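Okay, query25.cif is below, mmCIF, N, CA, C and O atoms:
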```
data_protein
#
loop_
_atom_site.label_atom_id
_atom_site.label_comp_id
_atom_site.auth_asym_id
_atom_site.auth_seq_id
_atom_site.Cartn_x
_atom_site.Cartn_y
_atom_site.Cartn_z
N MET A 1 45.17 162.69 53.06
CA MET A 1 45.75 162.37 51.78
C MET A 1 47.04 161.61 51.98
O MET A 1 48.11 162.07 51.65
N SER A 2 46.95 160.46 52.51
CA SER A 2 48.14 159.66 52.74
C SER A 2 48.29 158.55 51.72
O SER A 2 49.09 157.66 51.91
N ASP A 3 47.50 158.58 50.64
CA ASP A 3 47.65 157.55 49.63
C ASP A 3 48.94 157.77 48.84
O ASP A 3 49.47 158.87 48.81
N PRO A 4 49.48 156.74 48.23
CA PRO A 4 50.79 156.85 47.59
C PRO A 4 50.81 157.81 46.40
O PRO A 4 51.87 158.28 46.02
N VAL A 5 49.67 158.10 45.83
CA VAL A 5 49.65 159.00 44.68
C VAL A 5 50.02 160.42 45.12
O VAL A 5 50.70 161.15 44.42
N HIS A 6 49.61 160.83 46.32
CA HIS A 6 49.84 162.19 46.80
C HIS A 6 51.00 162.29 47.77
O HIS A 6 51.23 163.33 48.36
N ALA A 7 51.73 161.22 47.96
CA ALA A 7 52.83 161.24 48.93
C ALA A 7 54.18 161.21 48.22
O ALA A 7 54.33 160.62 47.17
N VAL A 8 55.16 161.84 48.84
CA VAL A 8 56.53 161.84 48.33
C VAL A 8 57.44 161.43 49.47
O VAL A 8 57.41 162.00 50.55
N VAL A 9 58.25 160.41 49.24
CA VAL A 9 59.18 159.96 50.26
C VAL A 9 60.53 160.59 49.97
O VAL A 9 61.06 160.50 48.87
N LEU A 10 61.10 161.25 50.97
CA LEU A 10 62.38 161.92 50.80
C LEU A 10 63.49 161.09 51.46
O LEU A 10 63.52 160.95 52.66
N GLY A 11 64.40 160.58 50.65
CA GLY A 11 65.56 159.86 51.15
C GLY A 11 65.21 158.66 52.01
O GLY A 11 64.15 158.08 51.90
N GLY A 12 66.13 158.30 52.89
CA GLY A 12 65.90 157.17 53.77
C GLY A 12 65.38 157.59 55.12
O GLY A 12 65.26 156.78 56.03
N SER A 13 65.06 158.88 55.29
CA SER A 13 64.62 159.34 56.61
C SER A 13 63.20 158.93 56.91
O SER A 13 62.76 159.01 58.04
N GLY A 14 62.48 158.52 55.89
CA GLY A 14 61.11 158.11 56.11
C GLY A 14 60.16 159.29 56.23
O GLY A 14 59.00 159.12 56.60
N LEU A 15 60.63 160.49 55.92
CA LEU A 15 59.78 161.68 55.99
C LEU A 15 58.84 161.69 54.80
O LEU A 15 59.25 161.58 53.66
N ILE A 16 57.58 161.79 55.08
CA ILE A 16 56.58 161.78 54.02
C ILE A 16 55.87 163.13 54.02
O ILE A 16 55.35 163.58 55.03
N LEU A 17 55.92 163.76 52.87
CA LEU A 17 55.19 165.01 52.69
C LEU A 17 53.95 164.70 51.88
O LEU A 17 54.03 164.07 50.83
N THR A 18 52.82 165.13 52.32
CA THR A 18 51.59 164.90 51.57
C THR A 18 51.13 166.18 50.93
O THR A 18 51.34 167.28 51.45
N ALA A 19 50.52 166.04 49.81
CA ALA A 19 49.97 167.21 49.12
C ALA A 19 48.71 167.65 49.83
O ALA A 19 47.80 166.86 50.06
N THR A 20 48.67 168.90 50.24
CA THR A 20 47.53 169.39 51.00
C THR A 20 46.54 170.17 50.16
O THR A 20 45.41 170.39 50.59
N ALA A 21 46.97 170.63 49.01
CA ALA A 21 46.06 171.43 48.20
C ALA A 21 45.71 170.69 46.93
O ALA A 21 46.56 170.39 46.12
N THR A 22 44.49 170.34 46.79
CA THR A 22 43.99 169.77 45.55
C THR A 22 43.12 170.82 44.88
O THR A 22 42.90 171.91 45.41
N ILE A 23 42.61 170.48 43.74
CA ILE A 23 41.77 171.44 43.01
C ILE A 23 40.51 171.75 43.82
O ILE A 23 40.09 172.90 43.90
N ALA A 24 39.94 170.75 44.46
CA ALA A 24 38.74 170.98 45.25
C ALA A 24 39.04 171.85 46.47
O ALA A 24 38.25 172.73 46.82
N ASP A 25 40.19 171.62 47.10
CA ASP A 25 40.57 172.45 48.25
C ASP A 25 40.81 173.89 47.83
O ASP A 25 40.43 174.83 48.52
N ALA A 26 41.46 174.08 46.68
CA ALA A 26 41.74 175.43 46.20
C ALA A 26 40.46 176.16 45.87
O ALA A 26 40.32 177.35 46.15
N ALA A 27 39.49 175.45 45.30
CA ALA A 27 38.21 176.08 44.99
C ALA A 27 37.47 176.44 46.27
O ALA A 27 36.83 177.48 46.36
N GLY A 28 37.58 175.59 47.29
CA GLY A 28 36.93 175.88 48.56
C GLY A 28 37.56 177.08 49.26
O GLY A 28 36.88 177.89 49.89
N LYS A 29 38.88 177.22 49.15
CA LYS A 29 39.56 178.35 49.77
C LYS A 29 39.25 179.65 49.04
O LYS A 29 39.21 180.71 49.65
N ALA A 30 39.05 179.59 47.73
CA ALA A 30 38.72 180.80 46.97
C ALA A 30 37.35 181.33 47.38
O ALA A 30 37.12 182.53 47.39
N ASP A 31 36.43 180.43 47.70
CA ASP A 31 35.11 180.85 48.14
C ASP A 31 35.14 181.40 49.56
O ASP A 31 34.21 182.07 49.98
N ALA A 32 36.21 181.13 50.30
CA ALA A 32 36.29 181.59 51.68
C ALA A 32 36.54 183.09 51.76
O ALA A 32 36.26 183.70 52.78
N LEU A 33 37.06 183.71 50.71
CA LEU A 33 37.30 185.14 50.72
C LEU A 33 36.01 185.90 50.48
O LEU A 33 35.22 185.54 49.62
N SER A 34 35.81 186.94 51.24
CA SER A 34 34.63 187.77 51.03
C SER A 34 34.87 188.71 49.85
O SER A 34 36.00 188.85 49.35
N ARG A 35 33.83 189.37 49.40
CA ARG A 35 33.94 190.26 48.24
C ARG A 35 34.94 191.39 48.47
O ARG A 35 35.78 191.63 47.60
N PRO A 36 34.93 192.10 49.61
CA PRO A 36 35.93 193.15 49.81
C PRO A 36 37.36 192.61 49.84
O PRO A 36 38.29 193.27 49.36
N GLU A 37 37.56 191.41 50.37
CA GLU A 37 38.90 190.82 50.39
C GLU A 37 39.36 190.48 48.98
O GLU A 37 40.53 190.67 48.64
N ARG A 38 38.46 189.98 48.13
CA ARG A 38 38.81 189.68 46.74
C ARG A 38 39.19 190.96 46.00
O ARG A 38 40.15 190.98 45.24
N ILE A 39 38.42 192.03 46.24
CA ILE A 39 38.71 193.30 45.59
C ILE A 39 40.07 193.82 46.06
O ILE A 39 40.87 194.32 45.26
N ALA A 40 40.35 193.68 47.35
CA ALA A 40 41.64 194.14 47.88
C ALA A 40 42.78 193.35 47.26
O ALA A 40 43.83 193.92 46.91
N VAL A 41 42.61 192.05 47.10
CA VAL A 41 43.65 191.22 46.48
C VAL A 41 43.88 191.65 45.04
O VAL A 41 45.02 191.77 44.58
N LEU A 42 42.79 191.92 44.30
CA LEU A 42 42.93 192.35 42.91
C LEU A 42 43.60 193.72 42.81
O LEU A 42 44.44 193.94 41.94
N VAL A 43 43.26 194.64 43.71
CA VAL A 43 43.88 195.96 43.69
C VAL A 43 45.37 195.87 44.01
O VAL A 43 46.21 196.49 43.34
N ILE A 44 45.72 195.09 45.01
CA ILE A 44 47.13 194.92 45.38
C ILE A 44 47.90 194.26 44.24
O ILE A 44 49.01 194.67 43.91
N ALA A 45 47.30 193.25 43.61
CA ALA A 45 47.96 192.58 42.48
C ALA A 45 48.16 193.57 41.32
O ALA A 45 49.21 193.58 40.68
N GLY A 46 47.17 194.41 41.07
CA GLY A 46 47.30 195.42 40.02
C GLY A 46 48.39 196.42 40.31
O GLY A 46 49.16 196.80 39.42
N LEU A 47 48.49 196.85 41.58
CA LEU A 47 49.54 197.79 41.96
C LEU A 47 50.93 197.16 41.83
O LEU A 47 51.89 197.82 41.39
N VAL A 48 51.05 195.90 42.21
CA VAL A 48 52.34 195.21 42.11
C VAL A 48 52.74 195.06 40.64
O VAL A 48 53.89 195.33 40.27
N LEU A 49 51.79 194.68 39.78
CA LEU A 49 52.10 194.52 38.36
C LEU A 49 52.45 195.87 37.72
O LEU A 49 53.37 195.94 36.89
N THR A 50 51.75 196.93 38.11
CA THR A 50 52.07 198.26 37.59
C THR A 50 53.47 198.69 38.03
O THR A 50 54.24 199.24 37.23
N GLY A 51 53.81 198.42 39.28
CA GLY A 51 55.14 198.75 39.77
C GLY A 51 56.22 197.98 39.03
O GLY A 51 57.27 198.54 38.70
N LEU A 52 55.99 196.71 38.76
CA LEU A 52 56.96 195.91 38.01
C LEU A 52 57.10 196.41 36.58
O LEU A 52 58.21 196.45 36.04
N TYR A 53 55.99 196.84 35.97
CA TYR A 53 56.07 197.38 34.61
C TYR A 53 56.87 198.68 34.59
O TYR A 53 57.71 198.88 33.72
N LEU A 54 56.63 199.55 35.56
CA LEU A 54 57.37 200.81 35.62
C LEU A 54 58.85 200.57 35.89
O LEU A 54 59.72 201.27 35.37
N LEU A 55 59.15 199.56 36.71
CA LEU A 55 60.55 199.20 36.94
C LEU A 55 61.20 198.70 35.65
O LEU A 55 62.34 199.07 35.33
N ALA A 56 60.47 197.89 34.89
CA ALA A 56 61.00 197.41 33.61
C ALA A 56 61.20 198.57 32.64
O ALA A 56 62.17 198.59 31.88
N CYS A 57 60.30 199.55 32.68
CA CYS A 57 60.45 200.72 31.80
C CYS A 57 61.65 201.57 32.21
O CYS A 57 62.26 202.23 31.37
N ALA A 58 61.98 201.57 33.49
CA ALA A 58 63.16 202.31 33.93
C ALA A 58 64.44 201.61 33.49
O ALA A 58 65.42 202.26 33.14
N VAL A 59 64.43 200.29 33.47
CA VAL A 59 65.62 199.53 33.08
C VAL A 59 65.75 199.45 31.56
O VAL A 59 66.83 199.64 31.01
N TRP A 60 64.64 199.16 30.87
CA TRP A 60 64.62 199.06 29.40
C TRP A 60 63.66 200.10 28.86
O TRP A 60 62.49 199.80 28.59
N PRO A 61 64.12 201.35 28.65
CA PRO A 61 63.20 202.43 28.28
C PRO A 61 62.71 202.39 26.84
O PRO A 61 61.73 203.04 26.52
N TYR A 62 63.36 201.64 25.96
CA TYR A 62 62.99 201.65 24.55
C TYR A 62 62.49 200.29 24.10
O TYR A 62 62.89 199.25 24.61
N ALA A 63 61.61 200.33 23.10
CA ALA A 63 61.11 199.11 22.46
C ALA A 63 61.22 199.31 20.95
O ALA A 63 61.42 200.43 20.47
N ASN A 64 61.10 198.23 20.19
CA ASN A 64 61.14 198.34 18.74
C ASN A 64 59.94 199.14 18.24
O ASN A 64 58.84 199.05 18.79
N CYS A 65 60.17 199.90 17.20
CA CYS A 65 59.09 200.67 16.57
C CYS A 65 58.08 199.68 15.99
O CYS A 65 58.45 198.69 15.36
N ASP A 66 56.80 199.96 16.19
CA ASP A 66 55.75 199.06 15.70
C ASP A 66 55.59 199.14 14.18
O ASP A 66 55.27 198.16 13.53
N ARG A 67 55.82 200.32 13.62
CA ARG A 67 55.58 200.49 12.19
C ARG A 67 56.67 199.81 11.35
O ARG A 67 56.37 199.16 10.36
N CYS A 68 57.92 199.98 11.73
CA CYS A 68 59.02 199.42 10.91
C CYS A 68 59.62 198.15 11.53
O CYS A 68 60.60 197.63 11.01
N ASP A 69 59.08 197.67 12.63
CA ASP A 69 59.57 196.47 13.33
C ASP A 69 61.03 196.59 13.74
O ASP A 69 61.79 195.63 13.71
N GLY A 70 61.45 197.80 14.09
CA GLY A 70 62.81 198.03 14.58
C GLY A 70 63.85 198.18 13.49
O GLY A 70 65.03 198.28 13.77
N ASP A 71 63.43 198.18 12.24
CA ASP A 71 64.37 198.30 11.13
C ASP A 71 64.78 199.75 10.89
O ASP A 71 65.88 200.03 10.43
N GLY A 72 63.87 200.69 11.17
CA GLY A 72 64.16 202.10 10.94
C GLY A 72 63.90 202.54 9.52
O GLY A 72 64.14 203.69 9.16
N LYS A 73 63.44 201.62 8.68
CA LYS A 73 63.22 201.93 7.27
C LYS A 73 61.77 201.67 6.89
O LYS A 73 61.15 200.73 7.34
N SER A 74 61.26 202.55 6.06
CA SER A 74 59.94 202.37 5.48
C SER A 74 60.14 202.03 4.02
O SER A 74 60.63 202.85 3.24
N ARG A 75 59.82 200.84 3.63
CA ARG A 75 60.10 200.37 2.27
C ARG A 75 58.96 200.69 1.32
O ARG A 75 57.81 200.80 1.71
N SER A 76 59.32 200.79 0.05
CA SER A 76 58.33 200.99 -1.00
C SER A 76 57.60 199.67 -1.25
O SER A 76 58.06 198.61 -0.81
N PRO A 77 56.48 199.70 -1.95
CA PRO A 77 55.76 198.44 -2.23
C PRO A 77 56.61 197.41 -2.97
O PRO A 77 56.45 196.21 -2.79
N SER A 78 57.53 197.86 -3.81
CA SER A 78 58.37 196.90 -4.54
C SER A 78 59.48 196.34 -3.64
O SER A 78 60.04 195.30 -3.94
N GLY A 79 59.81 197.06 -2.56
CA GLY A 79 60.83 196.61 -1.64
C GLY A 79 62.24 197.03 -2.02
O GLY A 79 63.19 196.73 -1.31
N LYS A 80 62.39 197.71 -3.14
CA LYS A 80 63.73 198.10 -3.60
C LYS A 80 64.18 199.41 -2.98
O LYS A 80 65.36 199.61 -2.75
N ARG A 81 63.26 200.32 -2.75
CA ARG A 81 63.62 201.63 -2.23
C ARG A 81 63.10 201.77 -0.81
O ARG A 81 62.13 201.13 -0.42
N PHE A 82 63.75 202.62 -0.06
CA PHE A 82 63.29 202.86 1.30
C PHE A 82 63.59 204.29 1.70
O PHE A 82 64.36 204.99 1.05
N ARG A 83 62.95 204.70 2.78
CA ARG A 83 63.22 205.99 3.42
C ARG A 83 63.15 205.76 4.91
O ARG A 83 62.73 204.68 5.36
N ASN A 84 63.53 206.73 5.67
CA ASN A 84 63.46 206.59 7.12
C ASN A 84 62.01 206.48 7.57
O ASN A 84 61.12 207.14 7.02
N CYS A 85 61.80 205.66 8.56
CA CYS A 85 60.45 205.48 9.11
C CYS A 85 59.97 206.81 9.69
O CYS A 85 60.69 207.45 10.47
N PRO A 86 58.76 207.26 9.33
CA PRO A 86 58.30 208.55 9.83
C PRO A 86 57.98 208.54 11.32
O PRO A 86 58.06 209.57 11.99
N ARG A 87 57.65 207.39 11.86
CA ARG A 87 57.29 207.34 13.28
C ARG A 87 58.52 207.43 14.19
O ARG A 87 58.55 208.19 15.14
N CYS A 88 59.54 206.64 13.89
CA CYS A 88 60.74 206.63 14.75
C CYS A 88 61.88 207.45 14.17
O CYS A 88 62.96 207.53 14.78
N LYS A 89 61.67 208.05 12.99
CA LYS A 89 62.66 208.89 12.31
C LYS A 89 63.96 208.13 12.02
O LYS A 89 65.05 208.67 12.14
N GLY A 90 63.83 206.85 11.68
CA GLY A 90 64.97 206.06 11.27
C GLY A 90 65.75 205.42 12.40
O GLY A 90 66.73 204.73 12.15
N LYS A 91 65.35 205.62 13.64
CA LYS A 91 66.09 205.03 14.76
C LYS A 91 65.72 203.57 15.00
O LYS A 91 66.52 202.81 15.53
N GLY A 92 64.51 203.19 14.66
CA GLY A 92 64.07 201.81 14.87
C GLY A 92 63.60 201.53 16.27
O GLY A 92 63.21 200.42 16.60
N ARG A 93 63.63 202.55 17.12
CA ARG A 93 63.21 202.36 18.50
C ARG A 93 62.24 203.46 18.89
O ARG A 93 62.26 204.55 18.33
N ARG A 94 61.41 203.16 19.86
CA ARG A 94 60.48 204.14 20.38
C ARG A 94 60.52 204.09 21.90
O ARG A 94 60.87 203.08 22.49
N GLU A 95 60.16 205.17 22.52
CA GLU A 95 60.13 205.21 23.98
C GLU A 95 58.84 204.55 24.46
O GLU A 95 57.76 204.82 23.94
N ARG A 96 58.95 203.69 25.44
CA ARG A 96 57.79 202.99 25.97
C ARG A 96 56.87 203.94 26.71
O ARG A 96 57.30 204.98 27.22
N ILE A 97 55.59 203.61 26.80
CA ILE A 97 54.61 204.46 27.44
C ILE A 97 54.94 204.66 28.91
O ILE A 97 54.85 205.78 29.43
N GLY A 98 55.34 203.62 29.59
CA GLY A 98 55.71 203.74 31.00
C GLY A 98 56.91 204.65 31.21
O GLY A 98 56.98 205.39 32.20
N ARG A 99 57.85 204.62 30.28
CA ARG A 99 59.02 205.50 30.40
C ARG A 99 58.62 206.96 30.20
O ARG A 99 59.12 207.86 30.86
N ARG A 100 57.68 207.20 29.27
CA ARG A 100 57.18 208.57 29.09
C ARG A 100 56.49 209.06 30.34
O ARG A 100 56.62 210.21 30.73
N LEU A 101 55.75 208.17 31.00
CA LEU A 101 55.09 208.53 32.26
C LEU A 101 56.12 208.84 33.34
O LEU A 101 55.98 209.84 34.07
N LEU A 102 57.17 208.04 33.43
CA LEU A 102 58.23 208.30 34.41
C LEU A 102 58.93 209.62 34.12
O LEU A 102 59.21 210.40 35.04
N ASN A 103 59.21 209.90 32.85
CA ASN A 103 59.85 211.15 32.48
C ASN A 103 58.95 212.34 32.82
O ASN A 103 59.43 213.38 33.28
N HIS A 104 57.65 212.20 32.59
CA HIS A 104 56.71 213.28 32.87
C HIS A 104 56.65 213.57 34.37
O HIS A 104 56.67 214.73 34.78
N THR A 105 56.60 212.51 35.19
CA THR A 105 56.54 212.74 36.64
C THR A 105 57.86 213.28 37.17
O THR A 105 57.86 214.10 38.08
N ASN A 106 58.99 212.84 36.60
CA ASN A 106 60.28 213.38 37.04
C ASN A 106 60.44 214.84 36.64
O ASN A 106 61.03 215.63 37.37
N HIS A 107 59.90 215.21 35.49
CA HIS A 107 60.00 216.60 35.03
C HIS A 107 59.13 217.51 35.90
O HIS A 107 59.51 218.65 36.18
N ARG A 108 58.00 217.03 36.36
CA ARG A 108 57.11 217.83 37.21
C ARG A 108 57.69 218.05 38.59
O ARG A 108 57.41 219.04 39.24
N ASN A 109 58.50 217.11 39.08
CA ASN A 109 59.07 217.22 40.43
C ASN A 109 60.26 218.14 40.50
O ASN A 109 60.77 218.42 41.57
N ARG A 110 60.77 218.62 39.40
CA ARG A 110 61.94 219.51 39.41
C ARG A 110 61.55 220.91 39.80
O ARG A 110 60.58 221.44 39.68
#
```
Would you write the structure of this file as structure tokens?
Amino acid sequence: MSDPVHAVVLGGSGLILTATATIADAAGKADALSRPERIAVLVIAGLVLTGLYLLACAVWPYANCDRCDGDGKSRSPSGKRFRNCPRCKGKGRRERIGRRLLNHTNHRNR
């Protein structure tokens, strides 16, 4: 792939970097993995994403309430009157599922 479309010239050094991965090459490399290797990659990716989600739940444990959209109020159909949201009890926030899981595992380890 030394054609000018896939080449990038850096400065005056004359160094040329060529693109080595095209769509056809990427498709060929994906077929090179066997079924157990693909499953292992998917499992590892799932574990990494789960770990990142749990880390985010540890840093940001609360999210907006789904019922009141974080307002903490449940309005009447006319919109003039309101009461506290029954789901979040007027706080406007709810504990995320991952944070509840972390709290449950921390409580069991005590």
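Nearest residue to Asn64 of chain A, choosing from A:Arg35, A:His104, A:Arg93, A:Thr50 and counting all atoms listed in the file: A:Arg93.
From atom N of Trp60 of chain A back to atom N of Asn106 of chain A, the distance works out to 15.9 Å.
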Atomic distance atom CA of Phe82 of chain A - atom CA of Ala63 of chain A, expressed in Å with one decimal: 21.6 Å
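The spacing separating atom C of Pro61 of chain A from atom CA of Arg75 of chain A amounts to 24.8 Å.
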For segment 68-73 of chain A, please output as a ChimeraX atom specification all residues within 8 Å (counting only N, CA, C and O atoms; exclusion window: fewer than 3 positions along the same chain). /A:63-65,76,81-94
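Distance annotation: of A:Pro77, A:Ala58, A:Ser34, A:Arg67, the residue with the minimal separation from Leu102 of chain A is A:Ala58; atom set is all atoms listed in the file.
Per DSSP on the backbone, strand (DSSP E) in segment 36-102 of chain A comprises Tyr62, Ala63, Asn64, Lys73, Ser74, Arg75, Phe82, Arg83, Asn84, Arg93, Arg94 and Glu95 of chain A.
Proximity to Arg96 of chain A was assessed for A:Val48, A:Lys80, A:Ser74, A:Tyr62 counting all atoms listed in the file; the smallest distance is recorded for A:Tyr62.
Taking all atoms listed in the file into account, Ile97 of chain A lies nearest to A:Cys57 out of the set A:Leu47, A:Cys57, A:Leu42, A:Ala32.
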